[in-house]
Each structure stands twice: as structure tokens, then as C-alpha cells.
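Text of entry.txt (compact mmCIF, N, CA and C atoms) as supplied:
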# COMPACT_ATOMS: atom_id res chain seq x y z
N MET U 29 -26.66 14.53 -2.98
CA MET U 29 -26.64 13.08 -3.01
C MET U 29 -25.65 12.63 -4.09
N THR U 30 -24.88 11.60 -3.77
CA THR U 30 -23.87 11.13 -4.71
C THR U 30 -24.36 9.89 -5.44
N ASN U 31 -23.82 9.69 -6.60
CA ASN U 31 -24.12 8.52 -7.40
C ASN U 31 -23.34 7.34 -6.82
N PRO U 32 -24.00 6.18 -6.54
CA PRO U 32 -23.27 5.06 -5.95
C PRO U 32 -22.15 4.54 -6.85
N GLN U 33 -22.29 4.75 -8.18
CA GLN U 33 -21.23 4.31 -9.10
C GLN U 33 -20.03 5.23 -9.03
N HIS U 34 -20.24 6.49 -8.71
CA HIS U 34 -19.17 7.49 -8.61
C HIS U 34 -19.32 8.26 -7.31
N PRO U 35 -18.86 7.64 -6.21
CA PRO U 35 -19.00 8.34 -4.92
C PRO U 35 -18.15 9.61 -4.87
N ALA U 36 -18.47 10.46 -3.92
CA ALA U 36 -17.72 11.71 -3.76
C ALA U 36 -16.27 11.39 -3.40
N PRO U 37 -15.32 12.17 -3.91
CA PRO U 37 -13.92 11.97 -3.53
C PRO U 37 -13.76 12.13 -2.02
N PRO U 38 -12.86 11.35 -1.42
CA PRO U 38 -12.68 11.44 0.04
C PRO U 38 -12.40 12.87 0.53
N ALA U 39 -11.67 13.65 -0.25
CA ALA U 39 -11.32 15.01 0.18
C ALA U 39 -12.54 15.90 0.34
N THR U 40 -13.60 15.64 -0.42
CA THR U 40 -14.79 16.50 -0.37
C THR U 40 -15.99 15.84 0.28
N ASP U 41 -15.83 14.61 0.74
CA ASP U 41 -16.95 13.87 1.33
C ASP U 41 -16.98 14.09 2.85
N PRO U 42 -17.95 14.84 3.35
CA PRO U 42 -18.00 15.09 4.80
C PRO U 42 -18.31 13.83 5.60
N ALA U 43 -18.85 12.81 4.95
CA ALA U 43 -19.17 11.57 5.64
C ALA U 43 -18.04 10.54 5.57
N PHE U 44 -16.89 10.93 5.02
CA PHE U 44 -15.77 9.99 4.89
C PHE U 44 -15.33 9.49 6.26
N THR U 45 -15.30 8.19 6.41
CA THR U 45 -14.82 7.55 7.64
C THR U 45 -13.69 6.60 7.26
N PRO U 46 -12.49 6.83 7.77
CA PRO U 46 -11.38 5.97 7.41
C PRO U 46 -11.53 4.58 8.03
N PRO U 47 -11.02 3.56 7.37
CA PRO U 47 -11.08 2.21 7.93
C PRO U 47 -10.20 2.10 9.19
N THR U 48 -10.45 1.08 9.96
CA THR U 48 -9.71 0.90 11.21
C THR U 48 -8.25 0.57 10.96
N LEU U 49 -7.43 0.89 11.93
CA LEU U 49 -6.01 0.56 11.83
C LEU U 49 -5.80 -0.95 11.82
N GLY U 50 -6.67 -1.68 12.48
CA GLY U 50 -6.57 -3.14 12.50
C GLY U 50 -6.69 -3.75 11.11
N ARG U 51 -7.63 -3.27 10.33
CA ARG U 51 -7.78 -3.77 8.96
C ARG U 51 -6.59 -3.38 8.10
N ARG U 52 -6.10 -2.16 8.28
CA ARG U 52 -4.94 -1.72 7.52
C ARG U 52 -3.72 -2.56 7.87
N PHE U 53 -3.52 -2.81 9.16
CA PHE U 53 -2.39 -3.61 9.60
C PHE U 53 -2.54 -5.05 9.10
N GLY U 54 -3.77 -5.58 9.13
CA GLY U 54 -4.02 -6.92 8.61
C GLY U 54 -3.64 -7.04 7.14
N ALA U 55 -4.00 -6.03 6.36
CA ALA U 55 -3.65 -6.02 4.94
C ALA U 55 -2.14 -6.00 4.76
N LEU U 56 -1.45 -5.21 5.57
CA LEU U 56 0.00 -5.12 5.48
C LEU U 56 0.65 -6.45 5.85
N VAL U 57 0.14 -7.13 6.86
CA VAL U 57 0.70 -8.44 7.26
C VAL U 57 0.53 -9.45 6.12
N ILE U 58 -0.65 -9.48 5.51
CA ILE U 58 -0.89 -10.39 4.38
C ILE U 58 0.08 -10.07 3.25
N ASP U 59 0.22 -8.80 2.91
CA ASP U 59 1.14 -8.41 1.83
C ASP U 59 2.58 -8.77 2.19
N TRP U 60 2.96 -8.58 3.45
CA TRP U 60 4.33 -8.88 3.86
C TRP U 60 4.62 -10.37 3.74
N VAL U 61 3.68 -11.23 4.14
CA VAL U 61 3.87 -12.67 4.00
C VAL U 61 4.02 -13.04 2.53
N LEU U 62 3.21 -12.45 1.67
CA LEU U 62 3.34 -12.71 0.23
C LEU U 62 4.70 -12.26 -0.29
N CYS U 63 5.18 -11.12 0.21
CA CYS U 63 6.49 -10.62 -0.21
C CYS U 63 7.61 -11.55 0.24
N LEU U 64 7.49 -12.11 1.43
CA LEU U 64 8.47 -13.08 1.91
C LEU U 64 8.48 -14.32 1.03
N LEU U 65 7.30 -14.79 0.65
CA LEU U 65 7.22 -15.97 -0.21
C LEU U 65 7.80 -15.71 -1.59
N VAL U 66 7.47 -14.56 -2.18
CA VAL U 66 7.97 -14.23 -3.52
C VAL U 66 9.48 -14.01 -3.50
N SER U 67 9.97 -13.30 -2.50
CA SER U 67 11.41 -13.01 -2.45
C SER U 67 12.23 -14.27 -2.23
N ASN U 68 11.61 -15.30 -1.71
CA ASN U 68 12.29 -16.57 -1.50
C ASN U 68 12.73 -17.21 -2.82
N PHE U 69 12.14 -16.80 -3.94
CA PHE U 69 12.51 -17.33 -5.25
C PHE U 69 13.86 -16.82 -5.73
N PHE U 70 14.27 -15.65 -5.29
CA PHE U 70 15.53 -15.08 -5.79
C PHE U 70 16.52 -14.69 -4.70
N ALA U 71 16.15 -14.83 -3.45
CA ALA U 71 17.06 -14.49 -2.35
C ALA U 71 16.58 -15.19 -1.08
N ASP U 72 17.42 -15.19 -0.07
CA ASP U 72 17.04 -15.72 1.23
C ASP U 72 16.52 -14.54 2.06
N PRO U 73 15.19 -14.45 2.27
CA PRO U 73 14.64 -13.28 2.95
C PRO U 73 15.16 -13.10 4.38
N VAL U 74 15.62 -14.17 5.01
CA VAL U 74 16.16 -14.06 6.36
C VAL U 74 17.54 -13.41 6.33
N ARG U 75 18.36 -13.82 5.38
CA ARG U 75 19.72 -13.30 5.26
C ARG U 75 19.76 -11.98 4.48
N ASP U 76 18.94 -11.89 3.44
CA ASP U 76 18.90 -10.71 2.57
C ASP U 76 17.62 -9.92 2.86
N GLY U 77 17.66 -9.09 3.89
CA GLY U 77 16.47 -8.36 4.32
C GLY U 77 15.94 -7.39 3.28
N TRP U 78 16.76 -6.99 2.32
CA TRP U 78 16.33 -6.06 1.27
C TRP U 78 15.34 -6.70 0.31
N ALA U 79 15.40 -8.03 0.15
CA ALA U 79 14.60 -8.71 -0.88
C ALA U 79 13.09 -8.55 -0.66
N PRO U 80 12.55 -8.88 0.52
CA PRO U 80 11.10 -8.69 0.67
C PRO U 80 10.68 -7.22 0.63
N VAL U 81 11.54 -6.34 1.08
CA VAL U 81 11.23 -4.90 1.02
C VAL U 81 11.12 -4.45 -0.43
N LEU U 82 12.05 -4.90 -1.27
CA LEU U 82 12.02 -4.57 -2.69
C LEU U 82 10.75 -5.11 -3.35
N VAL U 83 10.39 -6.34 -3.00
CA VAL U 83 9.16 -6.93 -3.54
C VAL U 83 7.95 -6.12 -3.08
N LEU U 84 7.94 -5.67 -1.82
CA LEU U 84 6.83 -4.86 -1.31
C LEU U 84 6.67 -3.56 -2.10
N VAL U 85 7.78 -2.90 -2.37
CA VAL U 85 7.72 -1.64 -3.12
C VAL U 85 7.14 -1.90 -4.52
N PHE U 86 7.61 -2.94 -5.19
CA PHE U 86 7.10 -3.24 -6.52
C PHE U 86 5.66 -3.75 -6.49
N GLU U 87 5.30 -4.49 -5.44
CA GLU U 87 3.92 -4.96 -5.29
C GLU U 87 2.98 -3.75 -5.17
N TYR U 88 3.37 -2.78 -4.35
CA TYR U 88 2.54 -1.59 -4.19
C TYR U 88 2.44 -0.81 -5.49
N GLY U 89 3.55 -0.65 -6.18
CA GLY U 89 3.52 0.07 -7.45
C GLY U 89 2.59 -0.58 -8.46
N PHE U 90 2.72 -1.89 -8.60
CA PHE U 90 1.94 -2.63 -9.59
C PHE U 90 0.46 -2.68 -9.20
N PHE U 91 0.18 -3.20 -8.01
CA PHE U 91 -1.22 -3.42 -7.62
C PHE U 91 -1.97 -2.13 -7.33
N LEU U 92 -1.36 -1.20 -6.63
CA LEU U 92 -2.06 0.06 -6.37
C LEU U 92 -2.22 0.87 -7.64
N GLY U 93 -1.20 0.84 -8.48
CA GLY U 93 -1.25 1.60 -9.72
C GLY U 93 -2.31 1.10 -10.67
N LEU U 94 -2.47 -0.20 -10.76
CA LEU U 94 -3.40 -0.77 -11.74
C LEU U 94 -4.76 -1.15 -11.17
N PHE U 95 -4.80 -1.56 -9.89
CA PHE U 95 -6.04 -2.09 -9.33
C PHE U 95 -6.54 -1.34 -8.10
N ALA U 96 -5.77 -0.41 -7.60
CA ALA U 96 -6.10 0.39 -6.41
C ALA U 96 -6.16 -0.43 -5.13
N GLN U 97 -5.67 -1.65 -5.17
CA GLN U 97 -5.59 -2.45 -3.95
C GLN U 97 -4.59 -3.58 -4.13
N THR U 98 -3.86 -3.85 -3.06
CA THR U 98 -2.93 -4.97 -3.03
C THR U 98 -3.71 -6.23 -2.70
N PRO U 99 -3.10 -7.42 -2.82
CA PRO U 99 -3.83 -8.63 -2.41
C PRO U 99 -4.31 -8.56 -0.95
N GLY U 100 -3.48 -8.03 -0.06
CA GLY U 100 -3.90 -7.90 1.34
C GLY U 100 -5.07 -6.95 1.49
N MET U 101 -5.07 -5.87 0.72
CA MET U 101 -6.18 -4.92 0.76
C MET U 101 -7.45 -5.56 0.20
N TYR U 102 -7.30 -6.40 -0.81
CA TYR U 102 -8.46 -7.08 -1.38
C TYR U 102 -9.12 -7.98 -0.34
N ILE U 103 -8.29 -8.72 0.39
CA ILE U 103 -8.81 -9.65 1.40
C ILE U 103 -9.46 -8.90 2.56
N THR U 104 -8.88 -7.77 2.95
CA THR U 104 -9.43 -7.00 4.07
C THR U 104 -10.43 -5.93 3.63
N ARG U 105 -10.77 -5.93 2.34
CA ARG U 105 -11.76 -5.03 1.75
C ARG U 105 -11.40 -3.55 1.89
N LEU U 106 -10.18 -3.25 1.47
CA LEU U 106 -9.70 -1.87 1.47
C LEU U 106 -9.28 -1.48 0.06
N ARG U 107 -9.21 -0.19 -0.18
CA ARG U 107 -8.69 0.35 -1.44
C ARG U 107 -7.82 1.54 -1.11
N CYS U 108 -6.85 1.79 -1.96
CA CYS U 108 -6.01 2.97 -1.83
C CYS U 108 -6.27 3.82 -3.07
N VAL U 109 -6.86 4.98 -2.86
CA VAL U 109 -7.28 5.83 -3.97
C VAL U 109 -6.71 7.23 -3.80
N ALA U 110 -6.83 8.03 -4.85
CA ALA U 110 -6.38 9.42 -4.80
C ALA U 110 -7.29 10.21 -3.87
N TRP U 111 -6.70 10.99 -3.01
CA TRP U 111 -7.43 11.81 -2.05
C TRP U 111 -8.34 12.82 -2.75
N SER U 112 -7.84 13.41 -3.81
CA SER U 112 -8.57 14.51 -4.46
C SER U 112 -9.75 14.06 -5.31
N ASP U 113 -9.62 12.92 -6.01
CA ASP U 113 -10.71 12.53 -6.91
C ASP U 113 -11.23 11.11 -6.73
N GLY U 114 -10.62 10.32 -5.84
CA GLY U 114 -11.09 8.95 -5.59
C GLY U 114 -10.70 7.95 -6.66
N GLY U 115 -9.86 8.36 -7.62
CA GLY U 115 -9.41 7.45 -8.67
C GLY U 115 -8.13 6.72 -8.29
N ARG U 116 -7.61 5.95 -9.22
CA ARG U 116 -6.36 5.23 -8.98
C ARG U 116 -5.21 6.21 -8.83
N ILE U 117 -4.20 5.81 -8.05
CA ILE U 117 -3.07 6.71 -7.85
C ILE U 117 -1.99 6.52 -8.91
N GLY U 118 -2.03 5.45 -9.65
CA GLY U 118 -1.05 5.22 -10.72
C GLY U 118 0.20 4.52 -10.21
N VAL U 119 0.95 3.97 -11.15
CA VAL U 119 2.11 3.15 -10.82
C VAL U 119 3.22 3.96 -10.13
N ILE U 120 3.52 5.15 -10.62
CA ILE U 120 4.62 5.93 -10.05
C ILE U 120 4.32 6.30 -8.60
N ARG U 121 3.12 6.80 -8.34
CA ARG U 121 2.77 7.15 -6.96
C ARG U 121 2.64 5.90 -6.10
N GLY U 122 2.23 4.78 -6.69
CA GLY U 122 2.19 3.51 -5.95
C GLY U 122 3.58 3.07 -5.54
N LEU U 123 4.55 3.22 -6.44
CA LEU U 123 5.95 2.89 -6.11
C LEU U 123 6.47 3.80 -5.00
N LEU U 124 6.19 5.09 -5.13
CA LEU U 124 6.63 6.04 -4.11
C LEU U 124 5.98 5.73 -2.76
N ARG U 125 4.69 5.42 -2.77
CA ARG U 125 4.00 5.09 -1.53
C ARG U 125 4.60 3.84 -0.90
N GLY U 126 4.92 2.84 -1.72
CA GLY U 126 5.55 1.63 -1.21
C GLY U 126 6.93 1.89 -0.62
N ALA U 127 7.72 2.73 -1.29
CA ALA U 127 9.06 3.07 -0.78
C ALA U 127 8.95 3.82 0.54
N LEU U 128 8.02 4.74 0.64
CA LEU U 128 7.84 5.48 1.89
C LEU U 128 7.32 4.56 3.00
N LEU U 129 6.43 3.63 2.65
CA LEU U 129 5.92 2.68 3.63
C LEU U 129 7.05 1.80 4.16
N ALA U 130 7.99 1.45 3.29
CA ALA U 130 9.13 0.62 3.70
C ALA U 130 9.99 1.33 4.74
N LEU U 131 9.94 2.65 4.77
CA LEU U 131 10.70 3.41 5.77
C LEU U 131 10.03 3.37 7.15
N VAL U 132 8.80 2.89 7.25
CA VAL U 132 7.98 2.72 8.44
C VAL U 132 7.57 4.04 9.09
N VAL U 133 8.48 4.93 9.40
CA VAL U 133 8.16 6.15 10.14
C VAL U 133 7.05 6.97 9.47
N PRO U 134 7.08 7.18 8.14
CA PRO U 134 5.99 7.96 7.54
C PRO U 134 4.61 7.36 7.79
N ALA U 135 4.54 6.03 7.92
CA ALA U 135 3.25 5.38 8.10
C ALA U 135 2.66 5.62 9.48
N VAL U 136 3.48 5.91 10.48
CA VAL U 136 2.95 6.09 11.83
C VAL U 136 2.61 7.55 12.16
N ILE U 137 2.97 8.46 11.27
CA ILE U 137 2.61 9.87 11.47
C ILE U 137 1.31 10.12 10.72
N MET U 138 0.19 10.06 11.43
CA MET U 138 -1.13 10.11 10.80
C MET U 138 -1.89 11.38 11.16
N ASP U 139 -2.81 11.75 10.26
CA ASP U 139 -3.70 12.87 10.53
C ASP U 139 -5.07 12.35 10.97
N GLU U 140 -6.05 13.23 11.06
CA GLU U 140 -7.38 12.85 11.54
C GLU U 140 -8.12 11.90 10.61
N ASN U 141 -7.69 11.80 9.35
CA ASN U 141 -8.30 10.87 8.40
C ASN U 141 -7.50 9.58 8.28
N ARG U 142 -6.61 9.34 9.23
CA ARG U 142 -5.73 8.18 9.26
C ARG U 142 -4.88 8.09 8.00
N ARG U 143 -4.52 9.24 7.46
CA ARG U 143 -3.62 9.28 6.32
C ARG U 143 -2.21 9.44 6.86
N GLY U 144 -1.38 8.42 6.65
CA GLY U 144 0.00 8.51 7.06
C GLY U 144 0.75 9.51 6.20
N LEU U 145 1.93 9.85 6.62
CA LEU U 145 2.76 10.77 5.84
C LEU U 145 2.98 10.23 4.43
N HIS U 146 3.12 8.91 4.30
CA HIS U 146 3.28 8.31 2.98
C HIS U 146 2.04 8.51 2.12
N ASP U 147 0.86 8.54 2.74
CA ASP U 147 -0.38 8.82 2.00
C ASP U 147 -0.45 10.28 1.58
N ARG U 148 -0.12 11.17 2.51
CA ARG U 148 -0.21 12.61 2.21
C ARG U 148 0.80 13.01 1.14
N LEU U 149 2.01 12.46 1.19
CA LEU U 149 3.02 12.82 0.20
C LEU U 149 2.68 12.31 -1.20
N THR U 150 1.90 11.23 -1.28
CA THR U 150 1.52 10.68 -2.58
C THR U 150 0.09 11.04 -2.97
N GLY U 151 -0.60 11.83 -2.14
CA GLY U 151 -1.97 12.23 -2.46
C GLY U 151 -2.94 11.08 -2.43
N ALA U 152 -2.72 10.13 -1.52
CA ALA U 152 -3.54 8.92 -1.45
C ALA U 152 -4.30 8.84 -0.13
N VAL U 153 -5.27 7.94 -0.09
CA VAL U 153 -6.01 7.65 1.14
C VAL U 153 -6.50 6.21 1.05
N VAL U 154 -6.53 5.52 2.17
CA VAL U 154 -7.08 4.17 2.23
C VAL U 154 -8.54 4.28 2.63
N THR U 155 -9.40 3.63 1.84
CA THR U 155 -10.84 3.68 2.07
C THR U 155 -11.40 2.25 2.11
N ASP U 156 -12.65 2.15 2.50
CA ASP U 156 -13.34 0.86 2.41
C ASP U 156 -13.58 0.55 0.94
N ALA U 157 -13.48 -0.72 0.57
CA ALA U 157 -13.74 -1.12 -0.80
C ALA U 157 -15.22 -1.44 -0.96
N ARG U 158 -15.79 -0.98 -2.05
CA ARG U 158 -17.18 -1.33 -2.36
C ARG U 158 -17.20 -2.75 -2.91
N ARG U 159 -18.14 -3.51 -2.49
CA ARG U 159 -18.29 -4.88 -3.00
C ARG U 159 -19.60 -4.98 -3.76
Structure re-expressed in C-alpha cells:
Amino acid sequence: MTNPQHPAPPATDPAFTPPTLGRRFGALVIDWVLCLLVSNFFADPVRDGWAPVLVLVFEYGFFLGLFAQTPGMYITRLRCVAWSDGGRIGVIRGLLRGALLALVVPAVIMDENRRGLHDRLTGAVVTDARR
């Protein structure tokens, strides 16, 4: 039996059930809209397609590294944690995960735990958030 304050890490939890792709996609859409709004302060996101992508990478680094969830993940009740111990992935791995997500292809190559290639390369997993 696990302590509710410190649940078993996803890698060792036989009852781990990944969240639906719909919730994950919803979180990404929310984050993308926020990135478009923020990038509008320093570039034209329609003309300068790099601007919202750059904001997305930094958003993932900052929010995942410090809070284990982006604003979109907060709204859709998701968290991105370390696969091995269930803790935060840190800023560097958050930045790397954001950069890989921006490439799109790593995100669509998933395993049985719905971990995209970007998750596996950074040792992360998306889980339900405890409220």
C-alpha cells in the first residue's frame, strides 16, 4: 500500500493508468494559445512562426521544471513528472522536452504508457494531477 502523500513512482506502479490523449491534446492547445498571446508582445506570430515555438520551449522549461505542470496541464488536471521517481523533471529536462515537443514527430511515437519519444528521452511521464 502506498502513502497518498507519496504515491508510487509511475515506473514501479502496476496500477498506473496514463491520462487520455484528449486531455493531453487539450492541455497543449491551451498552452499553444497562451504562447501565441505572449509571442505577440515581441513578434508577429503569423509572420514569425518561430516566436510561439520559442515561447513554448521556455514555457515548458520554466513551468515543468518548477511546478511539474504548464498552465494547460493545470487546467486539464495533468502533471509531467519523472518516470523513475515521480518527482519534478527540472528546468533542463523541461526545456529539452519542450524542444522535442516542438519537433512534433517525437510526440506521436508513443509506447503502451502513452509516453511519447520526447517523454522517454527526458525520463518523463504525464500523469493525472492530484487535487
Completion exercise
Min atom-atom distance to Leu49 (chain U) from the set U:Val85, U:Leu106, U:Leu124, U:Val61, counting only C-alpha atoms, belongs to U:Leu106
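The closest residue to Val83 (chain U), picked from U:Gly144, U:Pro99, U:Arg121, U:Val66 and counting only N, CA and C atoms, is U:Val66.
Take the candidates U:Ala130, U:Leu145, U:Ala96, U:Met101 and check each one against Arg52 (chain U) using only C-alpha atoms; the shortest distance goes to U:Met101.
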Exercise for the section: Fewer than 5 positions away in the same chain doesn't count, so skip those; otherwise give me all residues within 10 Å of Phe86 (chain U), counting only C-alpha atoms, as a list in words. Expected result: Cys63, Pro80, Val81, Phe91, Leu92, Val119, Gly122, Leu123, Leu124, Gly126 and Ala127 of chain U
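The strand (DSSP E) portion of chain U consists of U:Leu106, U:Arg107, U:Cys108, U:Val109, U:Ala110, U:Ala152, U:Val153, U:Val154, U:Thr155, U:Asp156, with states taken from DSSP on the backbone.
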Exercise for the section: Counting all atoms listed in the file, figure out which residue out of U:Ile117, U:Trp111, U:Ile137, U:Leu65 gets nearest to Gly151 (chain U). Expected result: U:Trp111
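The space separating atom N of Ile103 (chain U) from atom N of Pro47 (chain U) comes to 14.4 Å.
Note that CA of Asn141 (chain U) and CA of Ala39 (chain U) are 9.7 Å apart.
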